[in-house]
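Asks: Take a look at the following structure, please.
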Amino acid sequence: MDQQVKKRQRSCIGCGATLEKGRLLRVVRDGEGRVAFDGSGRVPGRGAYLCSGACLTQARKSRKLERALRCKVTEEDYDRIQRDIEQAESAGKNEE
Ligand SMILES: [Zn+2]
């Protein structure tokens with residue numbers, strides 16, 4: 001699927017910045033069409049990447065997440081993903 005990307009770099013769908021996969025936040029659409037933040041980065045399904053919660057806000061405004069995941073993303077989904085990303089970001093800061 002992504003075998004042509006050898007260094008595992010991904011682009012943020014909000015700002016377009018390219019970063020290593022491990023440094024981006026992943027949002028995934030699973031086999032049942034549910035959209036969620038994937039903190040582990042290992043949930044199978046179609047993924048979209050963001051570098052921060054601010055970029056999710058950008059992607060929400062321009063509906064880029066829907067385009068990246070090729071499915072409908074509801075307001076509830078966006079709210080939930082936003083909350084989860086905020087939590088993940090504050091947890092990450094505590095580790096430093
Ligand atoms: Zn970004």
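In the structure tokens, chains take the letters A, B, ... in the order shown, each chain's residues start at 1, and ligands count up from 1 in the order shown.
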Residues within 8 Å of ligand 1, counting only C-alpha atoms and all ligand atoms: report them as a list in words.
Replies: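 With only C-alpha atoms and all ligand atoms and a cut-off of 8 Å, ligand 1 is contacted by Ser11, Cys12, Ile13, Gly14, Cys15, Gly16, Ala17, Leu50, Cys51, Ser52, Ala54, Cys55 and Leu56 of chain A.
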Asks: Let me see the file: selected residues, N, CA and C atoms, as a compact mmCIF listing (two decimals), in the first residue's frame.
Replies:
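Output file again_20.txt follows:
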```txt
# COMPACT_ATOMS: atom_id res chain seq x y z
N SER A 11 2.46 13.31 5.15
CA SER A 11 2.13 14.73 5.12
C SER A 11 0.94 15.01 6.03
N CYS A 12 1.04 16.12 6.76
CA CYS A 12 -0.07 16.58 7.57
C CYS A 12 -1.16 17.08 6.64
N ILE A 13 -2.40 16.64 6.86
CA ILE A 13 -3.47 17.07 5.96
C ILE A 13 -3.91 18.50 6.26
N GLY A 14 -3.49 19.03 7.40
CA GLY A 14 -3.85 20.41 7.74
C GLY A 14 -2.94 21.42 7.09
N CYS A 15 -1.63 21.31 7.34
CA CYS A 15 -0.69 22.32 6.85
C CYS A 15 0.21 21.80 5.74
N GLY A 16 0.19 20.49 5.50
CA GLY A 16 0.98 19.94 4.42
C GLY A 16 2.43 19.64 4.77
N ALA A 17 2.82 19.88 6.02
CA ALA A 17 4.20 19.60 6.43
C ALA A 17 4.46 18.11 6.36
N LEU A 50 -1.89 14.26 11.03
CA LEU A 50 -1.95 15.66 11.45
C LEU A 50 -0.76 15.92 12.36
N CYS A 51 -0.18 17.14 12.32
CA CYS A 51 0.92 17.38 13.24
C CYS A 51 0.45 17.99 14.55
N SER A 52 -0.77 18.53 14.62
CA SER A 52 -1.23 19.11 15.87
C SER A 52 -2.74 19.27 15.84
N ALA A 54 -4.20 22.05 16.10
CA ALA A 54 -4.48 23.22 15.27
C ALA A 54 -4.68 22.81 13.82
N CYS A 55 -3.94 21.80 13.40
CA CYS A 55 -4.07 21.34 12.02
C CYS A 55 -5.38 20.58 11.83
N LEU A 56 -5.88 19.96 12.89
CA LEU A 56 -7.20 19.34 12.78
C LEU A 56 -8.25 20.41 12.54
```
Asks: What's around Asp30 in chain A at 8 Å? Count only C-alpha atoms, leave out sequence neighbours fewer than 6 positions away in its own chain, and write the answer as a PDB file with all heavy atoms, in the first residue's frame.
Replies:
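Below is the file result14.pdb, written as the result:
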```
ATOM      1  N   VAL A  43      -3.887   1.068  14.346  1.00  0.00           N
ATOM      2  CA  VAL A  43      -5.229   0.589  14.022  1.00  0.00           C
ATOM      3  C   VAL A  43      -5.312   0.363  12.512  1.00  0.00           C
ATOM      4  O   VAL A  43      -4.939   1.244  11.735  1.00  0.00           O
ATOM      5  CB  VAL A  43      -6.292   1.616  14.466  1.00  0.00           C
ATOM      6  CG1 VAL A  43      -7.685   1.177  14.040  1.00  0.00           C
ATOM      7  CG2 VAL A  43      -6.239   1.811  15.976  1.00  0.00           C
ATOM      8  N   PRO A  44      -5.746  -0.824  12.090  1.00  0.00           N
ATOM      9  CA  PRO A  44      -5.851  -1.056  10.648  1.00  0.00           C
ATOM     10  C   PRO A  44      -6.964  -0.211  10.035  1.00  0.00           C
ATOM     11  O   PRO A  44      -7.998   0.008  10.653  1.00  0.00           O
ATOM     12  CB  PRO A  44      -6.165  -2.551  10.531  1.00  0.00           C
ATOM     13  CG  PRO A  44      -6.669  -2.969  11.864  1.00  0.00           C
ATOM     14  CD  PRO A  44      -6.163  -1.989  12.875  1.00  0.00           C
ATOM     15  N   GLY A  45      -6.729   0.240   8.837  1.00  0.00           N
ATOM     16  CA  GLY A  45      -7.725   1.066   8.163  1.00  0.00           C
ATOM     17  C   GLY A  45      -7.040   2.188   7.426  1.00  0.00           C
ATOM     18  O   GLY A  45      -5.818   2.307   7.434  1.00  0.00           O
ATOM     19  N   ARG A  46      -7.836   3.022   6.803  1.00  0.00           N
ATOM     20  CA  ARG A  46      -7.279   4.136   6.054  1.00  0.00           C
ATOM     21  C   ARG A  46      -6.932   5.261   7.014  1.00  0.00           C
ATOM     22  O   ARG A  46      -7.758   5.679   7.815  1.00  0.00           O
ATOM     23  CB  ARG A  46      -8.302   4.605   5.027  1.00  0.00           C
ATOM     24  CG  ARG A  46      -7.724   5.638   4.113  1.00  0.00           C
ATOM     25  CD  ARG A  46      -8.644   6.050   3.003  1.00  0.00           C
ATOM     26  NE  ARG A  46      -7.930   7.050   2.221  1.00  0.00           N
ATOM     27  CZ  ARG A  46      -7.044   6.760   1.273  1.00  0.00           C
ATOM     28  NH1 ARG A  46      -6.826   5.513   0.948  1.00  0.00           N
ATOM     29  NH2 ARG A  46      -6.394   7.712   0.644  1.00  0.00           N
TER      30      ARG A  46
END
```
Asks: Could you tell me how far CA of Glu32 in chain A lies from CA of Glu89 in chain A, in Å and to one decimal?
Replies: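 According to the coordinates, CA of Glu32 in chain A and CA of Glu89 in chain A are separated by 26.8 Å.
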Asks: Enumerate, as a PyMOL selection string, the complete set of residues in chain A that a backbone-based DSSP assignment places in alpha helix (DSSP H).
Replies: chain A and resi 53-61+64-69+75-95
Asks: With a distance cut-off of 12 Å and only C-alpha atoms, select the neighbouring residues of Ala36 in chain A, excluding the residue or stretch itself and same-chain residues fewer than 5 positions from it, and output the selection as a list in words.
Replies: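 Answer for this query is Leu25, Arg26, Val27, Val28, Arg29, Asp30, Gly31, Gly41, Val43, Pro44, Gly45, Arg46, Gly47, Ala48, Tyr49, Leu65, Leu69, Val73, Thr74, Glu76, Asp77, Tyr78, Asp79, Arg80, Ile81, Gln82, Arg83, Asp84 and Ile85 of chain A.
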Asks: When you draw a straight line from CA of Arg34 in chain A to CA of Glu75 in chain A, how long is it in Å?
Replies: 12.9 Å
Asks: Which distance in Å separates CA of Asp38 in chain A and CA of Ala88 in chain A, to one decimal?
Replies: 10.0 Å
Asks: Please give the complete set of residues from chain A that DSSP, run on the backbone, assigns to strand (DSSP E), formatted as a ChimeraX atom specification.
Replies: /A:9-11,18-20,25-29,35-38,46-50
Asks: Can you write just those residues out, C-alpha atoms, as a short mmCIF file (atom, residue, chain, number, x, y, z; two decimals), in the first residue's frame?
Replies:
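As a result, out38.cif now contains:
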```
data_model
loop_
_atom_site.label_atom_id
_atom_site.label_comp_id
_atom_site.auth_asym_id
_atom_site.auth_seq_id
_atom_site.Cartn_x
_atom_site.Cartn_y
_atom_site.Cartn_z
CA GLN A 9 7.20 10.05 5.93
CA ARG A 10 3.70 11.40 5.89
CA SER A 11 2.13 14.73 5.12
CA THR A 18 6.03 16.33 5.88
CA LEU A 19 7.26 14.55 8.98
CA GLU A 20 8.26 11.09 10.09
CA LEU A 25 -1.03 12.21 14.95
CA ARG A 26 -3.01 9.57 13.12
CA VAL A 27 -6.72 9.57 12.46
CA VAL A 28 -8.10 6.31 11.12
CA ARG A 29 -11.25 5.09 9.46
CA VAL A 35 -13.49 7.61 12.28
CA ALA A 36 -11.32 8.03 15.37
CA PHE A 37 -7.99 9.32 16.63
CA ASP A 38 -5.48 6.49 16.66
CA ARG A 46 -7.28 4.14 6.05
CA GLY A 47 -5.26 6.77 7.91
CA ALA A 48 -4.82 10.51 7.76
CA TYR A 49 -2.05 12.41 9.52
CA LEU A 50 -1.95 15.66 11.45
#
```
